[in-house]
>>> print(open('structure-v8.cif').read())   # mmCIF, C-alpha atoms and all ligand atoms
data_protein
loop_
_atom_site.label_atom_id
_atom_site.label_comp_id
_atom_site.auth_asym_id
_atom_site.auth_seq_id
_atom_site.Cartn_x
_atom_site.Cartn_y
_atom_site.Cartn_z
CA MET A 24 0.00 0.00 0.00
CA THR A 25 1.62 3.25 -1.05
CA GLY A 26 0.44 6.81 -0.74
CA TRP A 27 -2.20 6.07 1.94
CA LYS A 28 -2.12 8.44 4.85
CA PRO A 29 -4.43 8.10 7.84
CA ILE A 30 -6.90 10.97 8.06
CA PRO A 31 -6.34 12.77 11.38
CA ARG A 32 -9.39 12.39 13.59
CA PHE A 33 -10.23 16.08 13.35
CA MET A 34 -10.15 16.07 9.54
CA PHE A 35 -12.28 12.94 9.49
CA TYR A 36 -15.00 14.71 11.45
CA HIS A 37 -14.68 17.89 9.38
CA ARG A 38 -14.54 16.32 5.95
CA ILE A 39 -16.85 13.34 6.34
CA VAL A 40 -19.00 13.23 9.48
CA ARG A 41 -19.96 16.90 9.79
CA PRO A 42 -21.06 17.39 6.16
CA MET A 43 -23.33 14.35 6.53
CA LEU A 44 -24.76 15.55 9.85
CA PHE A 45 -25.24 19.09 8.55
CA ARG A 46 -27.41 17.80 5.70
CA MET A 47 -29.92 16.66 8.33
CA ASP A 48 -32.37 18.75 10.30
CA PRO A 49 -30.40 20.06 13.34
CA GLU A 50 -32.81 18.80 15.97
CA TRP A 51 -33.14 15.40 14.33
CA ALA A 52 -29.33 15.11 14.16
CA HIS A 53 -29.09 16.09 17.85
CA ASP A 54 -31.72 13.47 18.81
CA GLN A 55 -29.83 10.81 16.84
CA ALA A 56 -26.56 11.71 18.57
CA ILE A 57 -28.21 11.31 21.98
CA ALA A 58 -29.90 8.04 20.98
CA TRP A 59 -26.55 6.72 19.73
CA GLY A 60 -24.82 7.91 22.90
CA ASP A 61 -27.50 6.18 24.97
CA HIS A 62 -26.84 2.83 23.22
CA ALA A 63 -23.06 3.26 23.23
CA SER A 64 -23.12 4.08 26.96
CA ARG A 65 -24.31 0.52 27.61
CA VAL A 66 -21.25 -1.08 25.94
CA PRO A 67 -18.43 -0.98 28.53
CA GLY A 68 -15.71 -1.97 26.01
CA LEU A 69 -16.68 0.91 23.72
CA MET A 70 -16.64 3.34 26.63
CA ARG A 71 -13.16 2.17 27.67
CA LEU A 72 -11.89 2.58 24.10
CA SER A 73 -13.45 6.02 23.73
CA SER A 74 -11.93 7.11 27.07
CA ARG A 75 -8.53 5.86 26.01
CA LEU A 76 -8.77 7.86 22.77
CA HIS A 77 -10.04 11.09 24.27
CA ARG A 78 -8.96 11.42 27.89
CA VAL A 79 -5.95 13.57 28.82
CA SER A 80 -4.73 12.63 32.30
CA ASP A 81 -2.30 15.08 33.80
CA PRO A 82 -2.25 16.36 37.38
CA ARG A 83 -1.41 19.87 36.12
CA LEU A 84 -4.99 20.09 34.80
CA ASN A 85 -6.67 19.03 38.07
CA ILE A 86 -8.80 21.64 39.71
CA GLU A 87 -10.95 21.73 42.82
CA VAL A 88 -14.19 23.68 42.77
CA ALA A 89 -16.68 23.84 45.65
CA GLY A 90 -15.00 20.85 47.24
CA ILE A 91 -15.35 18.70 44.10
CA ARG A 92 -12.25 17.43 42.34
CA PHE A 93 -12.22 17.84 38.56
CA THR A 94 -9.54 16.12 36.48
CA ASN A 95 -9.51 18.96 33.93
CA PRO A 96 -11.40 22.24 33.52
CA LEU A 97 -13.65 21.21 30.61
CA GLY A 98 -17.27 20.21 31.06
CA LEU A 99 -20.22 19.55 28.80
CA ALA A 100 -22.70 22.44 29.11
CA ALA A 101 -26.40 21.92 29.83
CA GLY A 102 -28.66 21.47 26.83
CA TYR A 103 -26.81 18.72 24.98
CA ASP A 104 -27.87 15.76 27.09
CA LYS A 105 -31.06 17.25 28.48
CA SER A 106 -32.44 14.16 30.19
CA GLY A 107 -29.20 12.41 31.10
CA ARG A 108 -29.42 9.55 28.62
CA ALA A 109 -25.85 9.54 27.31
CA ILE A 110 -23.73 10.65 30.27
CA ARG A 111 -21.17 7.85 30.11
CA MET A 112 -20.66 8.45 26.38
CA MET A 113 -20.19 12.17 26.94
CA ALA A 114 -17.79 11.58 29.85
CA SER A 115 -15.78 9.20 27.66
CA LEU A 116 -15.02 12.14 25.33
CA GLY A 117 -12.68 13.50 28.00
CA PHE A 118 -14.95 15.97 29.79
CA SER A 119 -14.14 16.24 33.50
CA HIS A 120 -17.82 16.75 34.26
CA VAL A 121 -21.15 16.57 32.52
CA GLU A 122 -24.02 18.92 33.21
CA ILE A 123 -27.40 17.54 32.22
CA GLY A 124 -30.69 19.41 31.84
CA SER A 125 -32.26 21.73 32.10
CA VAL A 126 -34.56 19.36 34.00
CA SER A 127 -37.97 20.47 35.27
CA ALA A 128 -40.34 18.86 37.75
CA LEU A 129 -42.71 17.73 34.99
CA PRO A 130 -41.88 16.46 31.50
CA SER A 131 -42.07 19.14 28.81
CA THR A 132 -42.12 19.08 25.03
CA GLY A 133 -40.68 22.61 24.93
CA ASN A 134 -41.44 25.18 22.24
CA PRO A 135 -42.98 24.36 18.86
CA ALA A 136 -40.52 23.31 16.11
CA PRO A 137 -38.55 24.48 14.24
CA ARG A 138 -36.50 25.60 17.24
CA LEU A 139 -32.86 24.91 16.39
CA TRP A 140 -30.81 26.38 13.53
CA ARG A 141 -27.16 26.31 12.51
CA LEU A 142 -25.15 29.35 11.45
CA PRO A 143 -22.11 27.64 9.91
CA ALA A 144 -20.41 30.88 8.87
CA ASP A 145 -20.25 31.76 12.57
CA GLU A 146 -19.86 28.21 13.91
CA ALA A 147 -22.92 29.13 15.98
CA ILE A 148 -26.35 27.76 16.85
CA CYS A 149 -29.63 29.61 17.27
CA VAL A 150 -31.60 27.79 19.98
CA HIS A 151 -35.25 28.15 20.89
CA TYR A 152 -35.82 24.69 22.38
CA GLY A 153 -37.78 25.98 25.37
CA LEU A 154 -36.54 23.30 27.78
CA PRO A 155 -37.89 19.98 26.47
CA ASN A 156 -36.93 17.21 28.92
CA ASP A 157 -38.26 13.99 30.43
CA GLY A 158 -39.07 15.54 33.83
CA ALA A 159 -37.29 14.96 37.16
CA THR A 160 -38.81 11.55 37.99
CA GLU A 161 -37.91 9.98 34.66
CA VAL A 162 -34.44 11.57 34.72
CA ALA A 163 -33.89 10.14 38.22
CA ASN A 164 -34.80 6.71 36.79
CA HIS A 165 -32.23 7.07 33.96
CA LEU A 166 -29.60 8.11 36.49
CA ALA A 167 -30.33 5.21 38.83
CA ARG A 168 -29.60 2.80 35.96
CA GLN A 169 -26.13 4.12 35.08
CA PRO A 170 -22.99 4.28 37.20
CA ILE A 171 -21.38 7.66 36.54
CA LYS A 172 -17.68 8.16 37.13
CA VAL A 173 -17.35 11.93 36.63
CA PRO A 174 -18.92 14.74 38.66
CA LEU A 175 -22.49 15.21 37.48
CA GLY A 176 -24.13 18.63 37.40
CA ILE A 177 -27.91 18.74 37.21
CA ASN A 178 -29.32 21.96 35.81
CA LEU A 179 -32.79 22.72 37.20
CA VAL A 180 -35.48 24.91 35.71
CA ASN A 181 -39.19 25.58 35.95
CA THR A 182 -41.46 23.40 33.75
CA ASN A 183 -42.37 24.98 30.42
CA HIS A 184 -46.07 24.12 30.06
CA GLY A 185 -46.10 25.27 26.45
CA VAL A 186 -47.47 28.10 24.38
CA GLY A 187 -50.88 29.29 25.58
CA ALA A 188 -50.63 27.67 29.03
CA PRO A 189 -51.73 30.02 31.82
CA ALA A 190 -48.82 31.86 33.47
CA ALA A 191 -47.57 29.99 36.53
CA SER A 192 -47.80 31.71 39.93
CA ALA A 193 -44.63 32.54 41.86
CA ASP A 194 -45.39 29.72 44.28
CA GLU A 195 -45.79 27.20 41.44
CA ILE A 196 -42.51 28.25 39.83
CA LEU A 197 -40.57 27.98 43.09
CA GLU A 198 -42.15 24.63 44.02
CA ASP A 199 -41.21 23.29 40.57
CA TYR A 200 -37.50 23.78 41.36
CA VAL A 201 -37.92 22.37 44.85
CA THR A 202 -39.67 19.22 43.57
CA SER A 203 -36.88 18.57 41.06
CA ALA A 204 -34.16 19.17 43.65
CA ARG A 205 -35.86 16.78 46.06
CA THR A 206 -36.24 14.11 43.36
CA LEU A 207 -32.70 14.39 42.01
CA LYS A 208 -30.60 15.29 45.04
CA GLY A 209 -29.15 11.81 45.49
CA HIS A 210 -27.72 11.89 41.97
CA ALA A 211 -26.12 15.32 41.63
CA SER A 212 -22.55 16.35 42.44
CA TYR A 213 -23.83 19.90 42.13
CA PHE A 214 -27.01 21.68 41.13
CA MET A 215 -27.05 24.50 38.61
CA LEU A 216 -30.14 26.61 39.18
CA ASN A 217 -31.10 27.98 35.79
CA LEU A 218 -32.47 31.41 36.68
CA SER A 219 -32.36 32.79 33.19
CA CYS A 220 -33.77 30.62 30.41
CA PRO A 221 -33.82 32.99 27.43
CA ASN A 222 -36.48 30.98 25.60
CA THR A 223 -39.50 30.78 27.88
CA GLN A 224 -41.85 33.43 29.16
CA ASP A 225 -41.69 32.37 32.83
CA GLY A 226 -37.92 31.82 32.69
CA ARG A 227 -36.79 35.17 31.44
CA ALA A 228 -37.43 37.77 34.11
CA PHE A 229 -38.80 35.96 37.17
CA PHE A 230 -35.51 36.07 39.08
CA ASP A 231 -34.88 39.72 38.26
CA GLN A 232 -36.69 40.18 41.58
CA PRO A 233 -34.25 39.31 44.40
CA GLY A 234 -37.19 38.29 46.63
CA HIS A 235 -37.88 35.33 44.33
CA LEU A 236 -34.28 34.14 44.53
CA ARG A 237 -34.25 34.49 48.33
CA GLU A 238 -37.47 32.50 48.58
CA LEU A 239 -36.11 29.76 46.30
CA LEU A 240 -32.89 29.41 48.29
CA ASP A 241 -34.87 29.37 51.55
CA ARG A 242 -37.08 26.56 50.29
CA LEU A 243 -34.09 24.57 48.98
CA ALA A 244 -32.31 24.99 52.32
CA SER A 245 -35.25 23.38 54.06
CA ILE A 246 -35.07 20.16 51.95
CA PRO A 247 -32.05 20.30 52.70
CA ILE A 248 -29.76 19.84 49.72
CA ASP A 249 -26.29 18.67 50.62
CA VAL A 250 -24.44 19.47 47.38
CA PRO A 251 -23.11 22.83 46.18
CA CYS A 252 -25.41 25.06 44.14
CA PHE A 253 -24.40 27.27 41.25
CA LEU A 254 -26.65 29.91 39.70
CA LYS A 255 -26.97 30.36 35.93
CA LEU A 256 -27.51 34.07 35.53
CA SER A 257 -28.66 36.35 32.76
CA PRO A 258 -25.65 37.92 31.02
CA ASP A 259 -27.78 41.04 30.54
CA TRP A 260 -28.00 41.91 34.23
CA ASP A 261 -26.29 45.20 34.96
CA ASP A 262 -23.84 45.80 37.82
CA ALA A 263 -26.60 46.81 40.22
CA ALA A 264 -28.49 43.56 39.53
CA ILE A 265 -25.32 41.50 40.03
CA ASP A 266 -24.60 43.25 43.33
CA ARG A 267 -28.19 42.72 44.48
CA MET A 268 -27.90 39.04 43.62
CA LEU A 269 -24.61 38.73 45.55
CA GLU A 270 -26.22 40.35 48.57
CA THR A 271 -29.23 38.03 48.32
CA VAL A 272 -27.22 34.80 48.17
CA ASP A 273 -24.76 35.80 50.88
CA PRO A 274 -26.56 34.02 53.78
CA PHE A 275 -27.04 30.79 51.80
CA GLU A 276 -23.93 28.66 52.27
CA SER A 277 -24.89 26.11 49.63
CA VAL A 278 -24.38 28.72 46.88
CA ARG A 279 -20.79 28.28 45.71
CA GLY A 280 -20.67 29.96 42.33
CA PHE A 281 -22.15 31.21 39.12
CA MET A 282 -22.23 31.01 35.37
CA PHE A 283 -23.90 33.02 32.61
CA ASN A 284 -26.59 31.82 30.24
CA LEU A 285 -27.08 32.88 26.64
CA SER A 286 -28.61 36.28 26.03
CA PRO A 287 -32.09 36.32 24.45
CA SER A 288 -31.40 39.56 22.65
CA ARG A 289 -27.70 40.04 21.80
CA ARG A 290 -26.95 39.28 18.16
CA THR A 291 -23.81 41.23 17.43
CA GLY A 292 -20.73 40.42 15.39
CA LEU A 293 -22.39 37.77 13.21
CA SER A 294 -20.97 37.01 9.76
CA THR A 295 -24.21 35.33 8.70
CA PRO A 296 -26.40 37.91 6.89
CA ARG A 297 -29.29 39.31 8.89
CA GLU A 298 -31.88 38.09 6.35
CA VAL A 299 -30.96 34.52 7.28
CA TRP A 300 -31.64 34.78 11.02
CA LYS A 301 -33.90 37.80 11.50
CA ASP A 302 -37.09 35.70 11.82
CA TRP A 303 -35.62 33.02 14.09
CA PRO A 304 -36.64 33.37 17.72
CA GLY A 305 -34.08 32.27 20.27
CA ALA A 306 -30.57 32.87 21.52
CA ILE A 307 -27.28 32.58 19.67
CA SER A 308 -24.51 30.36 21.07
CA GLY A 309 -20.91 29.79 20.06
CA PRO A 310 -18.13 32.20 19.03
CA PRO A 311 -20.37 35.29 18.58
CA THR A 312 -20.90 35.25 22.36
CA VAL A 313 -17.22 35.17 23.34
CA ASP A 314 -16.44 38.85 23.90
CA TRP A 315 -19.59 39.59 25.89
CA MET A 316 -19.26 36.46 28.04
CA ASP A 317 -15.60 37.16 28.81
CA LEU A 318 -16.48 40.68 29.92
CA ARG A 319 -19.28 39.37 32.12
CA ILE A 320 -16.94 36.83 33.76
CA ALA A 321 -14.23 39.41 34.48
CA ASN A 322 -16.82 41.81 35.91
CA LEU A 323 -18.38 39.17 38.17
CA TYR A 324 -14.95 37.96 39.32
CA ARG A 325 -14.10 41.51 40.39
CA ARG A 326 -17.34 41.86 42.38
CA MET A 327 -17.73 38.49 44.10
CA ASP A 328 -16.09 37.03 47.21
CA ARG A 329 -13.38 34.87 45.62
CA GLN A 330 -12.77 32.84 48.77
CA ARG A 331 -16.31 31.56 48.61
CA TYR A 332 -17.52 31.59 45.00
CA GLN A 333 -16.15 30.19 41.77
CA ILE A 334 -17.20 30.81 38.19
CA ILE A 335 -18.02 28.26 35.53
CA ALA A 336 -17.60 29.84 32.10
CA ALA A 337 -19.27 29.00 28.80
CA GLY A 338 -19.80 30.76 25.51
CA GLY A 339 -17.90 30.07 22.31
CA VAL A 340 -15.09 27.92 23.70
CA ARG A 341 -13.52 26.00 20.80
CA SER A 342 -9.77 26.17 21.43
CA ALA A 343 -7.22 26.11 24.25
CA GLU A 344 -6.80 29.88 23.77
CA ASP A 345 -10.53 30.42 24.37
CA ALA A 346 -10.49 28.26 27.50
CA CYS A 347 -7.33 29.92 28.78
CA ARG A 348 -8.79 33.41 28.32
CA LYS A 349 -11.86 32.47 30.34
CA LEU A 350 -9.70 31.00 33.12
CA ARG A 351 -7.49 34.08 33.17
CA SER A 352 -10.62 36.27 33.35
CA GLY A 353 -11.69 34.48 36.52
CA ALA A 354 -13.39 31.19 35.64
CA SER A 355 -12.36 27.98 37.42
CA LEU A 356 -14.16 25.62 35.06
CA VAL A 357 -15.06 25.98 31.39
CA GLN A 358 -17.98 24.35 29.62
CA LEU A 359 -18.77 23.98 25.94
CA LEU A 360 -21.59 22.71 23.76
CA THR A 361 -21.54 24.36 20.34
CA ALA A 362 -17.90 23.42 19.65
CA LEU A 363 -18.80 19.76 20.09
CA ILE A 364 -21.21 20.12 17.17
CA TYR A 365 -18.80 22.03 14.92
CA GLN A 366 -15.48 20.45 15.91
CA GLY A 367 -16.59 16.94 16.81
CA PRO A 368 -15.72 14.59 19.65
CA GLY A 369 -11.96 15.29 19.48
CA VAL A 370 -12.44 18.86 20.69
CA VAL A 371 -11.99 18.16 24.42
CA ARG A 372 -8.72 16.32 23.95
CA ARG A 373 -7.36 19.04 21.65
CA ILE A 374 -8.21 21.78 24.15
CA ASN A 375 -6.75 19.90 27.12
CA ARG A 376 -3.55 19.14 25.23
CA GLY A 377 -3.38 22.76 24.11
CA LEU A 378 -3.71 23.92 27.72
CA LEU A 379 -0.83 21.68 28.75
CA LYS A 380 1.34 23.12 25.96
CA MET A 381 0.51 26.65 27.13
CA LEU A 382 1.44 25.80 30.73
CA LYS A 383 4.75 24.41 29.55
CA ARG A 384 5.44 27.40 27.28
CA ASP A 385 4.72 29.89 30.07
CA GLY A 386 6.51 27.95 32.82
CA ILE A 387 3.34 27.54 34.90
CA SER A 388 3.17 24.44 37.05
CA HIS A 389 -0.57 24.20 37.53
CA LEU A 390 -3.63 25.38 35.62
CA GLN A 391 -5.28 26.58 38.83
CA ASP A 392 -2.54 29.24 39.05
CA ILE A 393 -3.87 31.16 36.04
CA VAL A 394 -7.42 31.63 37.37
CA GLY A 395 -8.19 35.36 37.45
CA VAL A 396 -4.68 36.59 36.61
CA ASP A 397 -6.09 39.04 34.05
CA ALA A 398 -8.79 40.43 36.34
CA VAL A 399 -7.95 43.92 37.46
C1 LIG B 401 -28.80 23.59 21.62
C2 LIG B 401 -28.61 24.25 22.94
C3 LIG B 401 -29.42 23.93 24.01
C4 LIG B 401 -29.24 24.54 25.25
N1 LIG B 401 -30.04 24.20 26.29
C5 LIG B 401 -29.79 24.71 27.52
C6 LIG B 401 -30.57 24.31 28.64
O1 LIG B 401 -31.48 23.49 28.53
N2 LIG B 401 -30.27 24.85 29.86
C7 LIG B 401 -29.25 25.75 30.03
O2 LIG B 401 -29.00 26.18 31.15
N3 LIG B 401 -28.48 26.13 28.98
C8 LIG B 401 -28.73 25.63 27.75
N4 LIG B 401 -27.95 26.02 26.70
C9 LIG B 401 -26.83 26.98 26.93
C10 LIG B 401 -25.51 26.20 27.11
O3 LIG B 401 -25.54 25.45 28.30
C11 LIG B 401 -24.29 27.15 27.14
O4 LIG B 401 -24.40 27.96 28.30
C12 LIG B 401 -24.20 28.03 25.91
O5 LIG B 401 -24.57 27.33 24.75
C13 LIG B 401 -22.80 28.62 25.70
O6 LIG B 401 -21.85 27.64 25.38
P1 LIG B 401 -21.39 27.29 23.86
O7 LIG B 401 -21.15 28.58 23.15
O8 LIG B 401 -20.19 26.43 24.03
O9 LIG B 401 -22.54 26.52 23.26
C14 LIG B 401 -28.17 25.48 25.42
C15 LIG B 401 -27.37 25.82 24.32
C16 LIG B 401 -27.57 25.22 23.10
C17 LIG B 401 -26.68 25.62 21.95
#
>>> encode(input="structure-v8.cif", output="structure tokens", more="lines below")
Ligand SMILES: Cc1cc2nc3c(=O)[nH]c(=O)nc-3n(C[C@H](O)[C@H](O)[C@H](O)COP(=O)(O)O)c2cc1C
Amino acid sequence: MTGWKPIPRFMFYHRIVRPMLFRMDPEWAHDQAIAWGDHASRVPGLMRLSSRLHRVSDPRLNIEVAGIRFTNPLGLAAGYDKSGRAIRMMASLGFSHVEIGSVSALPSTGNPAPRLWRLPADEAICVHYGLPNDGATEVANHLARQPIKVPLGINLVNTNHGVGAPAASADEILEDYVTSARTLKGHASYFMLNLSCPNTQDGRAFFDQPGHLRELLDRLASIPIDVPCFLKLSPDWDDAAIDRMLETVDPFESVRGFMFNLSPSRRTGLSTPREVWKDWPGAISGPPTVDWMDLRIANLYRRMDRQRYQIIAAGGVRSAEDACRKLRSGASLVQLLTALIYQGPGVVRRINRGLLKMLKRDGISHLQDIVGVDAV
């Protein structure tokens, strides 16, 4: 055999797998990926092989957040494996942690389709899913059936009862979170309270009122939940709103950190022409969010008590440079979702290896040492 060269894994995904996937409807392709991941998760030999191919084990990447040990900073963001069907498959791609959800107390079919679009020129996604998921009880059943070896985050949200459903009362919204937390608490390494879903009516502004957040944390404390809680905030909150939130959470010891959700309204810096996306409802993910998210992280890092809280960053991470910038701005962990779709399953390994190269180049002995170094 002469002239045959193996196709590097990245090129294989780019040249062969992605073009095939991108010919399919985005939501259908996503559902197939989860169904495949669900089946693959049940084949231990395949999981071992996948781990061997993707995992980067190096103590320089270890990081401790809220008392949980993470083998590297990269996690799968909420929204990919909404109901926790393919966790072992996702973990085998080298993620140090997997965040499932958003999960609500009751099952939901989410918003009407179409509700997911690709913007390939921007390597971005426009998402208007509206929180479809199997509901907390069914998710707890999936979780009970699978041993999970990485820290598991469970992202909680209020049930989306669909278009035209009567608006839920404050008490109903708060009880929805509490029911899910009670049902799922034995399975989570941490809870992420999604306070800011950009794509539902109830989800968007409810927690702009600090009284609602205080009431939620009070009710969760009385369960009690014994794992750390993180809050997924709106990136559009101004400084005053962030400071009010910090004041509100101060008495609640279970709150250990924050991250930012997608913005329902910001659509800046897109290469894709406006005519393509102007009629799509929903929020844009991926690289177009990078600058805004990095600013939000640096701002929050400056304002919060760093001894107590840590930041999980997401938004357009697709390279080691992106991850490093977020860490230097103040994040302790970094999650991604959109890059998995555009770059394929090798993305986690490439970023982790890239981070190790950067540490070596800059003479830094441990990744944890770069957290917040650029925050002024
Ligand atoms: C298809 C899709 C579905 C999402 N669903 C959720 C969700 O259910 N809950 C949530 O908190 N965030 C959700 N997100 C936001 C992601 O968790 C993440 O914060 C955001 O996409 C930024 O990361 P990325 O640019 O790497 O995708 C979703 C994002 C996408 C693209």
>>> atom_distance(input="structure-v8.cif", atom1="atom CA of Ser203 of chain A", atom2="atom CA of Val162 of chain A")
9.8 Å
>>> residues_near_ligand(input="structure-v8.cif", ligand="ligand LIG 401 (chain B)", cutoff="7 Å", atoms="only C-alpha atoms and all ligand atoms", output="PyMOL selection string")
chain A and resi 100-103+105+124-125+139+148-150+152+154+178+217+220+255+283-285+308-310+312+337-340+358-362
>>> residues_around(input="structure-v8.cif", residues="Ala188 of chain A", least_positions_apart="3", cutoff="12 Å", atoms="only C-alpha atoms", output="PyMOL selection string")
chain A and resi 133-134+182-185+191-192+223-225
>>> closest_residue(input="structure-v8.cif", among="A:Arg326, A:His165, A:Arg46, A:Arg71", to="Leu269 of chain A", atoms="only C-alpha atoms")
A:Arg326
>>> residues_around(input="structure-v8.cif", residues="Gly68 of chain A", least_positions_apart="5", cutoff="12 Å", atoms="only C-alpha atoms", output="list in words")
Ala63, Ser73, Ser74, Arg75, Arg111, Met112 and Ser115 of chain A
>>> axis_aligned_box(input="structure-v8.cif", around="segment 373-377 of chain A", padding_each_side="5 Å", output="JSON")
{"center_x": -5.8, "center_y": 20.9, "center_z": 24.4, "size_x": 14.8, "size_y": 13.7, "size_z": 15.5}
>>> atom_distance(input="structure-v8.cif", atom1="atom CA of Leu243 of chain A", atom2="atom CA of Gly158 of chain A")
18.3 Å
>>> build_atoms(input="structure-v8.cif", residues="segment 170-182 of chain A", atoms="N, CA and C atoms", output="PDB file, in the coordinates of the input")
ATOM      1  N   PRO A 170     -24.056   3.802  36.323  1.00  0.00           N
ATOM      2  CA  PRO A 170     -22.990   4.280  37.200  1.00  0.00           C
ATOM      3  C   PRO A 170     -22.209   5.387  36.495  1.00  0.00           C
ATOM      4  N   ILE A 171     -22.016   6.501  37.186  1.00  0.00           N
ATOM      5  CA  ILE A 171     -21.380   7.660  36.540  1.00  0.00           C
ATOM      6  C   ILE A 171     -20.083   7.963  37.261  1.00  0.00           C
ATOM      7  N   LYS A 172     -18.994   8.055  36.483  1.00  0.00           N
ATOM      8  CA  LYS A 172     -17.680   8.160  37.130  1.00  0.00           C
ATOM      9  C   LYS A 172     -17.168   9.588  37.228  1.00  0.00           C
ATOM     10  N   VAL A 173     -17.818  10.535  36.554  1.00  0.00           N
ATOM     11  CA  VAL A 173     -17.350  11.930  36.630  1.00  0.00           C
ATOM     12  C   VAL A 173     -18.362  12.742  37.444  1.00  0.00           C
ATOM     13  N   PRO A 174     -17.939  13.889  37.981  1.00  0.00           N
ATOM     14  CA  PRO A 174     -18.920  14.740  38.660  1.00  0.00           C
ATOM     15  C   PRO A 174     -20.083  15.077  37.719  1.00  0.00           C
ATOM     16  N   LEU A 175     -21.289  14.969  38.275  1.00  0.00           N
ATOM     17  CA  LEU A 175     -22.490  15.210  37.480  1.00  0.00           C
ATOM     18  C   LEU A 175     -23.192  16.475  37.971  1.00  0.00           C
ATOM     19  N   GLY A 176     -23.341  17.440  37.084  1.00  0.00           N
ATOM     20  CA  GLY A 176     -24.130  18.630  37.400  1.00  0.00           C
ATOM     21  C   GLY A 176     -25.544  18.426  36.895  1.00  0.00           C
ATOM     22  N   ILE A 177     -26.523  18.811  37.698  1.00  0.00           N
ATOM     23  CA  ILE A 177     -27.910  18.740  37.210  1.00  0.00           C
ATOM     24  C   ILE A 177     -28.461  20.165  37.213  1.00  0.00           C
ATOM     25  N   ASN A 178     -28.827  20.598  36.017  1.00  0.00           N
ATOM     26  CA  ASN A 178     -29.320  21.960  35.810  1.00  0.00           C
ATOM     27  C   ASN A 178     -30.841  21.944  35.954  1.00  0.00           C
ATOM     28  N   LEU A 179     -31.352  22.740  36.889  1.00  0.00           N
ATOM     29  CA  LEU A 179     -32.790  22.720  37.200  1.00  0.00           C
ATOM     30  C   LEU A 179     -33.486  23.976  36.686  1.00  0.00           C
ATOM     31  N   VAL A 180     -34.708  23.777  36.229  1.00  0.00           N
ATOM     32  CA  VAL A 180     -35.480  24.910  35.710  1.00  0.00           C
ATOM     33  C   VAL A 180     -36.948  24.664  35.966  1.00  0.00           C
ATOM     34  N   ASN A 181     -37.743  25.694  35.800  1.00  0.00           N
ATOM     35  CA  ASN A 181     -39.190  25.580  35.950  1.00  0.00           C
ATOM     36  C   ASN A 181     -39.803  24.916  34.698  1.00  0.00           C
ATOM     37  N   THR A 182     -40.828  24.081  34.884  1.00  0.00           N
ATOM     38  CA  THR A 182     -41.460  23.400  33.750  1.00  0.00           C
ATOM     39  C   THR A 182     -42.050  24.402  32.752  1.00  0.00           C
TER      40      THR A 182
END
